[in-house]
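Shown next: protein14.cif, containing mmCIF, C-alpha atoms and all ligand atoms.
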data_coords
loop_
_atom_site.label_atom_id
_atom_site.label_comp_id
_atom_site.auth_asym_id
_atom_site.auth_seq_id
_atom_site.Cartn_x
_atom_site.Cartn_y
_atom_site.Cartn_z
CA MET A 1 0.00 0.00 0.00
CA ASN A 2 1.31 3.42 -0.86
CA THR A 3 0.88 6.51 1.28
CA THR A 4 0.48 10.07 0.08
CA GLY A 5 4.24 10.56 0.23
CA ASP A 6 4.62 8.30 -2.80
CA GLY A 7 1.88 9.98 -4.81
CA PRO A 8 1.89 13.26 -6.69
CA ALA A 9 2.31 15.16 -3.44
CA THR A 10 5.98 15.88 -3.56
CA ARG A 11 7.07 19.08 -5.26
CA GLY A 12 9.26 21.92 -4.05
CA ASN A 13 7.58 25.29 -3.57
CA ASP A 14 8.07 28.61 -1.85
CA GLY A 15 5.44 28.12 0.81
CA MET A 16 2.90 30.62 -0.46
CA LEU A 17 -0.32 30.87 1.54
CA ALA A 18 -3.63 30.39 -0.24
CA ILE A 19 -6.94 31.68 0.99
CA ILE A 20 -10.03 30.06 -0.45
CA GLY A 21 -13.00 32.36 0.01
CA GLY A 22 -16.52 31.00 0.30
CA SER A 23 -19.92 32.70 0.28
CA GLY A 24 -19.52 36.31 1.36
CA LEU A 25 -15.78 36.34 0.74
CA ALA A 26 -15.24 36.77 -3.00
CA GLY A 27 -12.23 39.03 -2.44
CA LEU A 28 -9.75 40.19 0.17
CA THR A 29 -9.91 43.87 1.09
CA ASP A 30 -6.41 43.90 2.58
CA LEU A 31 -4.65 42.43 -0.44
CA SER A 32 -2.06 44.78 -1.96
CA ASP A 33 -0.08 44.67 -5.23
CA THR A 34 -2.64 42.37 -6.80
CA ARG A 35 -2.48 40.62 -10.13
CA ARG A 36 -4.59 37.84 -11.62
CA ARG A 37 -3.54 34.68 -13.42
CA VAL A 38 -5.59 32.03 -15.19
CA VAL A 39 -4.22 28.57 -14.34
CA ARG A 40 -5.28 25.51 -16.33
CA THR A 41 -4.99 22.00 -14.90
CA PRO A 42 -5.25 18.40 -16.11
CA TYR A 43 -8.58 18.33 -14.26
CA GLY A 44 -10.11 21.30 -16.06
CA ASP A 45 -10.53 24.90 -15.03
CA PRO A 46 -10.55 26.16 -11.45
CA SER A 47 -13.49 28.22 -10.18
CA CYS A 48 -11.80 31.44 -11.30
CA ALA A 49 -8.48 33.09 -12.09
CA LEU A 50 -6.21 33.21 -9.04
CA THR A 51 -5.55 36.60 -7.49
CA PHE A 52 -2.03 37.12 -6.16
CA GLY A 53 -0.97 39.81 -3.74
CA ARG A 54 0.41 40.46 -0.28
CA ILE A 55 -1.09 40.91 3.14
CA GLY A 56 1.59 42.39 5.38
CA SER A 57 4.72 40.45 4.53
CA THR A 58 2.93 37.31 3.35
CA ASP A 59 2.51 36.32 -0.29
CA ILE A 60 -1.08 35.28 -0.90
CA ALA A 61 -2.93 33.43 -3.64
CA PHE A 62 -6.67 33.98 -3.39
CA LEU A 63 -9.32 31.78 -4.98
CA ALA A 64 -13.08 32.45 -4.86
CA ARG A 65 -14.52 28.95 -4.45
CA HIS A 66 -17.87 29.75 -6.06
CA GLY A 67 -16.29 31.98 -8.77
CA TYR A 68 -16.06 35.75 -8.59
CA GLY A 69 -19.74 36.07 -9.56
CA HIS A 70 -20.79 33.33 -7.08
CA THR A 71 -22.19 31.22 -9.91
CA LEU A 72 -20.94 27.74 -8.94
CA ALA A 73 -23.08 25.65 -6.57
CA PRO A 74 -21.18 23.46 -4.08
CA HIS A 75 -21.61 20.28 -6.15
CA GLU A 76 -20.54 22.10 -9.35
CA ILE A 77 -17.19 23.30 -8.00
CA ASN A 78 -14.18 21.65 -9.62
CA TYR A 79 -12.38 20.96 -6.34
CA ARG A 80 -9.64 18.95 -8.03
CA ALA A 81 -8.79 21.79 -10.43
CA ASN A 82 -8.86 24.34 -7.59
CA ILE A 83 -6.43 22.51 -5.33
CA TRP A 84 -4.22 21.43 -8.24
CA ALA A 85 -3.98 25.03 -9.49
CA LEU A 86 -2.95 26.25 -6.03
CA ARG A 87 -0.24 23.61 -5.77
CA GLU A 88 0.90 24.44 -9.31
CA VAL A 89 1.63 28.09 -8.43
CA GLY A 90 3.67 27.19 -5.35
CA VAL A 91 1.10 27.14 -2.56
CA GLU A 92 2.03 25.10 0.48
CA ARG A 93 -0.64 26.13 3.00
CA ILE A 94 -4.37 26.70 2.48
CA ILE A 95 -6.76 28.54 4.76
CA ALA A 96 -10.30 27.80 3.63
CA VAL A 97 -13.12 30.11 4.69
CA ALA A 98 -16.53 28.44 4.70
CA THR A 99 -19.97 29.49 5.83
CA VAL A 100 -21.87 26.89 7.82
CA GLY A 101 -25.01 26.25 9.80
CA GLY A 102 -24.57 25.79 13.53
CA ILE A 103 -25.74 22.50 15.07
CA ARG A 104 -24.08 22.57 18.50
CA GLU A 105 -25.98 24.80 20.86
CA ASP A 106 -23.14 27.27 21.46
CA LEU A 107 -22.50 27.71 17.72
CA GLY A 108 -25.05 30.37 16.87
CA PRO A 109 -25.01 32.85 13.98
CA GLY A 110 -21.80 34.91 13.89
CA GLU A 111 -19.61 32.41 15.73
CA LEU A 112 -16.24 31.49 14.20
CA ILE A 113 -14.89 27.94 14.49
CA ILE A 114 -11.59 26.29 13.61
CA PRO A 115 -12.93 22.76 13.05
CA ASP A 116 -10.85 19.68 13.80
CA GLN A 117 -12.93 16.87 12.30
CA ILE A 118 -15.09 16.10 9.27
CA ILE A 119 -17.93 13.74 8.42
CA ASP A 120 -18.53 13.51 4.68
CA TYR A 121 -22.14 13.12 3.47
CA THR A 122 -21.44 14.18 -0.13
CA HIS A 123 -21.82 11.87 -3.10
CA GLY A 124 -20.89 11.85 -6.76
CA ARG A 125 -18.17 14.51 -6.49
CA PRO A 126 -14.84 13.68 -8.12
CA ALA A 127 -13.01 13.28 -4.83
CA THR A 128 -9.49 11.97 -5.42
CA TYR A 129 -6.41 12.39 -7.58
CA PHE A 130 -5.55 8.76 -7.04
CA GLU A 131 -7.58 6.92 -9.65
CA GLY A 132 -7.11 5.33 -13.04
CA THR A 133 -5.96 1.85 -13.91
CA ASP A 134 -2.37 2.84 -14.67
CA ALA A 135 -1.66 4.26 -11.19
CA ALA A 136 -0.93 2.37 -7.97
CA VAL A 137 -3.69 2.47 -5.38
CA VAL A 138 -3.06 5.11 -2.70
CA HIS A 139 -4.93 5.43 0.58
CA ALA A 140 -4.36 8.88 2.06
CA ASP A 141 -4.23 9.01 5.85
CA PHE A 142 -7.05 11.31 6.94
CA THR A 143 -7.29 10.55 10.65
CA GLU A 144 -6.80 14.24 11.38
CA PRO A 145 -8.30 15.99 8.32
CA TYR A 146 -7.02 19.46 9.21
CA ASP A 147 -3.37 20.38 9.62
CA ALA A 148 -2.54 20.78 13.33
CA GLY A 149 0.15 23.42 12.76
CA LEU A 150 -2.05 25.61 10.59
CA ARG A 151 -4.95 25.27 13.04
CA GLY A 152 -2.59 26.36 15.79
CA LEU A 153 -1.50 29.37 13.73
CA LEU A 154 -5.15 30.42 13.29
CA LEU A 155 -5.92 30.01 16.99
CA GLU A 156 -2.85 31.95 18.00
CA ALA A 157 -3.65 34.72 15.49
CA ALA A 158 -7.19 34.91 16.88
CA THR A 159 -5.81 35.43 20.39
CA ARG A 160 -3.47 38.18 19.15
CA ALA A 161 -6.34 39.86 17.25
CA GLY A 162 -8.64 39.63 20.29
CA GLU A 163 -11.03 37.57 18.18
CA SER A 164 -13.05 34.86 19.88
CA VAL A 165 -13.04 31.55 17.97
CA HIS A 166 -14.04 28.01 18.93
CA ASP A 167 -11.15 25.56 19.00
CA GLY A 168 -12.44 22.38 17.37
CA GLY A 169 -15.71 21.07 16.05
CA CYS A 170 -16.89 18.43 13.64
CA TYR A 171 -17.83 19.74 10.19
CA GLY A 172 -20.55 17.67 8.50
CA CYS A 173 -20.39 18.19 4.75
CA THR A 174 -23.67 17.74 2.88
CA GLN A 175 -24.22 17.58 -0.86
CA GLY A 176 -26.44 20.62 -1.31
CA PRO A 177 -27.34 22.80 -2.98
CA ARG A 178 -30.54 22.48 -0.96
CA LEU A 179 -30.40 23.03 2.76
CA GLU A 180 -31.04 20.11 5.11
CA THR A 181 -34.27 18.89 6.63
CA ALA A 182 -34.73 19.16 10.39
CA ALA A 183 -34.54 15.35 10.62
CA GLU A 184 -31.26 15.29 8.72
CA ILE A 185 -29.82 17.82 11.15
CA ARG A 186 -31.03 15.74 14.11
CA ARG A 187 -29.28 12.74 12.59
CA MET A 188 -26.11 14.75 12.01
CA ALA A 189 -26.19 15.87 15.65
CA ARG A 190 -26.45 12.21 16.72
CA ASP A 191 -23.53 11.43 14.42
CA GLY A 192 -21.44 14.01 16.27
CA CYS A 193 -21.54 16.92 13.80
CA ASP A 194 -21.24 20.39 15.35
CA LEU A 195 -21.66 22.35 12.13
CA VAL A 196 -22.95 21.75 8.64
CA GLY A 197 -21.65 23.08 5.34
CA MET A 198 -21.51 22.00 1.71
CA THR A 199 -17.95 22.65 0.54
CA GLY A 200 -15.53 21.17 3.08
CA MET A 201 -15.25 17.94 1.10
CA PRO A 202 -13.54 16.84 -1.03
CA GLU A 203 -11.54 20.08 -0.70
CA ALA A 204 -9.78 19.05 2.53
CA LEU A 205 -8.95 15.58 1.26
CA LEU A 206 -7.56 16.80 -2.05
CA ALA A 207 -5.22 19.17 -0.21
CA ARG A 208 -4.04 16.21 1.88
CA GLU A 209 -3.49 14.09 -1.24
CA LEU A 210 -1.23 16.78 -2.67
CA GLY A 211 0.64 17.22 0.60
CA LEU A 212 -0.67 20.75 1.24
CA GLN A 213 -1.42 21.99 4.76
CA TYR A 214 -5.10 22.82 5.07
CA ALA A 215 -7.23 24.39 7.81
CA CYS A 216 -10.63 26.04 7.86
CA ILE A 217 -12.26 29.11 9.35
CA ALA A 218 -15.95 28.21 9.57
CA VAL A 219 -18.36 31.12 9.89
CA VAL A 220 -21.79 30.30 11.30
CA ALA A 221 -24.34 32.05 9.10
CA ASN A 222 -27.49 30.51 10.62
CA HIS A 223 -28.79 27.96 13.06
CA ALA A 224 -29.03 24.66 11.17
CA ALA A 225 -32.48 23.56 9.98
CA GLY A 226 -35.00 23.00 12.76
CA LEU A 227 -32.85 24.63 15.43
CA GLY A 228 -33.05 28.01 17.20
CA SER A 229 -34.01 30.84 14.86
CA SER A 230 -34.22 28.27 12.00
CA ARG A 231 -36.88 26.20 13.80
CA GLU A 232 -39.41 26.80 11.01
CA GLN A 233 -37.25 27.89 8.11
CA ILE A 234 -33.85 29.35 7.29
CA SER A 235 -33.92 33.04 6.44
CA MET A 236 -31.68 34.07 3.54
CA GLU A 237 -31.92 37.70 4.62
CA GLY A 238 -30.80 36.67 8.10
CA ILE A 239 -27.81 34.87 6.59
CA ARG A 240 -26.78 37.92 4.55
CA ALA A 241 -27.00 40.18 7.60
CA VAL A 242 -24.89 37.84 9.72
CA LEU A 243 -22.25 37.43 7.01
CA ASP A 244 -21.96 41.19 6.47
CA THR A 245 -20.60 41.53 9.99
CA ALA A 246 -18.85 38.19 10.42
CA ILE A 247 -16.82 38.44 7.23
CA GLY A 248 -15.26 41.68 8.51
CA ARG A 249 -14.01 39.69 11.51
CA VAL A 250 -12.62 37.03 9.18
CA HIS A 251 -10.64 39.74 7.36
CA GLY A 252 -9.22 40.82 10.73
CA LEU A 253 -8.27 37.26 11.59
CA LEU A 254 -6.59 36.74 8.22
CA SER A 255 -4.59 39.95 8.65
CA ALA A 256 -3.41 38.72 12.04
CA VAL A 257 -2.32 35.42 10.46
CA CYS A 258 -0.28 37.28 7.87
CA CYS A 259 1.59 39.76 10.04
N1 LIG B 301 -26.44 24.02 5.82
C1 LIG B 301 -25.47 23.75 4.91
N2 LIG B 301 -24.62 24.66 4.48
C2 LIG B 301 -24.71 25.91 4.98
C3 LIG B 301 -25.69 26.24 5.94
C4 LIG B 301 -26.59 25.24 6.37
O1 LIG B 301 -27.49 25.47 7.22
N3 LIG B 301 -25.52 27.57 6.23
C5 LIG B 301 -24.47 28.00 5.49
N4 LIG B 301 -23.98 27.00 4.73
#
In structure tokens, how does this file's structure come out?
Ligand code: HPA
Amino acid sequence: MNTTGDGPATRGNDGMLAIIGGSGLAGLTDLSDTRRRVVRTPYGDPSCALTFGRIGSTDIAFLARHGYGHTLAPHEINYRANIWALREVGVERIIAVATVGGIREDLGPGELIIPDQIIDYTHGRPATYFEGTDAAVVHADFTEPYDAGLRGLLLEAATRAGESVHDGGCYGCTQGPRLETAAEIRRMARDGCDLVGMTGMPEALLARELGLQYACIAVVANHAAGLGSSREQISMEGIRAVLDTAIGRVHGLLSAVCC
């Protein structure tokens, strides 16, 4: 059995940091000296051209997961092309920003979480680089789906920025694009999920397969279906209002990471 170290993961790079922006984060306000580059991959086109720039002294590559016009639904995103393109331009670390619904009681709208586990409920998404009859079978270790060092960097930056974040939580990734039923959320809670989103997988796994460090800032946009203020339905206006404020805090956290 091979491990990821024998796969396509190994390639020298300069350690650039990538930020993948989700809903509400189609750009980075603090990015200076920006330029864009279209990157093509063997897996097709990424969600958008990459934007390069600097925050403080850190070189950044930014990718808008849903495209700059937010036109790609979670199941339509070419995750393999996105992660491949980032690796191709020399990225070594990825901070993914993702909006989620809160399942755990203390994870209400506006809370920020640095998750430490994943349960994958998606289906039918191209989810690995390791396939095809001419390649040896590879089983990536995914016991800890997020990179411990990068999680630590985010937690430490949050402390420095005076930003309150939750250390750990299990991200349940659903297929979307519809939101969940109340019964599905009750089942996810029984499974041990603390938050629910639609884009965490296969993104995290593909980063692991290419040997890239990957961690996530999850932004709670709403109570998950059937819970709290979403007991009867999930309000899109409510989500927009929460994200307007919360995304500003994410910018602050990212700046603290980069200084
Ligand atoms: N479910 C799934 N994904 C989400 C949610 C949700 O309630 N809120 C934001 N992204």
- prompt: Residues at most 9 Å from A:Gln213, counting all atoms listed in the file, excluding those fewer than 2 positions away in the same chain, as a VMD selection string?
  reply: chain A and resid 92 to 95 146 to 150 207 to 208 211 215
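Using only C-alpha atoms, the nearest neighbour of A:Asp120 within the list A:Ala61, A:Val38, A:Ala183, A:Cys170 is A:Cys170.
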Give me the residues of chain A that have any atom at most 7 Å from an atom of ligand LIG 301 (chain B); for each, the nearest atom pair and the distance in Å, rounded to one decimal. Use all atoms listed in the file, sort by chain and number, and format it as JSON lines.
{"residue": "A:Thr99", "atom": "CA", "partner": "B:LIG301", "partner_atom": "C5", "distance": 4.8}
{"residue": "A:Val100", "atom": "CA", "partner": "B:LIG301", "partner_atom": "C5", "distance": 3.7}
{"residue": "A:Gly101", "atom": "CA", "partner": "B:LIG301", "partner_atom": "O1", "distance": 3.7}
{"residue": "A:Gly102", "atom": "CA", "partner": "B:LIG301", "partner_atom": "O1", "distance": 7.0}
{"residue": "A:Thr174", "atom": "CA", "partner": "B:LIG301", "partner_atom": "C1", "distance": 6.6}
{"residue": "A:Leu179", "atom": "CA", "partner": "B:LIG301", "partner_atom": "N1", "distance": 5.1}
{"residue": "A:Glu180", "atom": "CA", "partner": "B:LIG301", "partner_atom": "N1", "distance": 6.1}
{"residue": "A:Val196", "atom": "CA", "partner": "B:LIG301", "partner_atom": "C1", "distance": 4.9}
{"residue": "A:Gly197", "atom": "CA", "partner": "B:LIG301", "partner_atom": "N2", "distance": 3.5}
{"residue": "A:Met198", "atom": "CA", "partner": "B:LIG301", "partner_atom": "N2", "distance": 4.9}
{"residue": "A:Val220", "atom": "CA", "partner": "B:LIG301", "partner_atom": "C5", "distance": 6.8}
{"residue": "A:Ala221", "atom": "CA", "partner": "B:LIG301", "partner_atom": "C5", "distance": 5.4}
{"residue": "A:Asn222", "atom": "CA", "partner": "B:LIG301", "partner_atom": "N3", "distance": 5.6}
{"residue": "A:His223", "atom": "CA", "partner": "B:LIG301", "partner_atom": "O1", "distance": 6.5}
{"residue": "A:Ala224", "atom": "CA", "partner": "B:LIG301", "partner_atom": "O1", "distance": 4.3}
{"residue": "A:Ala225", "atom": "CA", "partner": "B:LIG301", "partner_atom": "O1", "distance": 6.0}
message: Would you pick out the contacts of stretch 231-242 of chain A at 6 Å or less, using all atoms listed in the file, so that residues sharing its chain but fewer than 2 positions from it are not included, and give the list as a list in words?
response: Gly110, Ala221, Asn222, Gly226, Leu227, Gly228, Ser229, Asp244 and Thr245 of chain A
- request: Pick out the closest residue to A:Leu153 from this set: A:Thr122, A:Asp141, A:Leu253, A:Gly22. Count all atoms listed in the file.
  value: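 Of the candidates, the smallest distance to A:Leu153 is held by A:Leu253.
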- request: Mind giving me the straight-line distance from atom CA of A:Gly176 to atom CA of A:Thr199 in Å, one decimal?
  value: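 Between these atoms lies a distance of 8.9 Å.
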message: I need the residue nearest A:Glu111 from this list: A:Arg87, A:Arg37, A:His166, A:Arg178. Use all atoms listed in the file for the distance.
response: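 Of the candidates, the smallest distance to A:Glu111 is held by A:His166.
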query: What is the distance between atom CA of A:His70 and atom CA of A:Leu212, in Å to one decimal?
result: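 Distance reported for this atom pair: 25.1 Å.
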message: Here's a test: counting all atoms listed in the file, identify every protein, DNA and RNA residue with an atom at most 6 Å from (3.1, 42.4, 8.9) in the file's coordinate frame, and state them as an NGL selection string.
response: :A and (56-57 or 259)
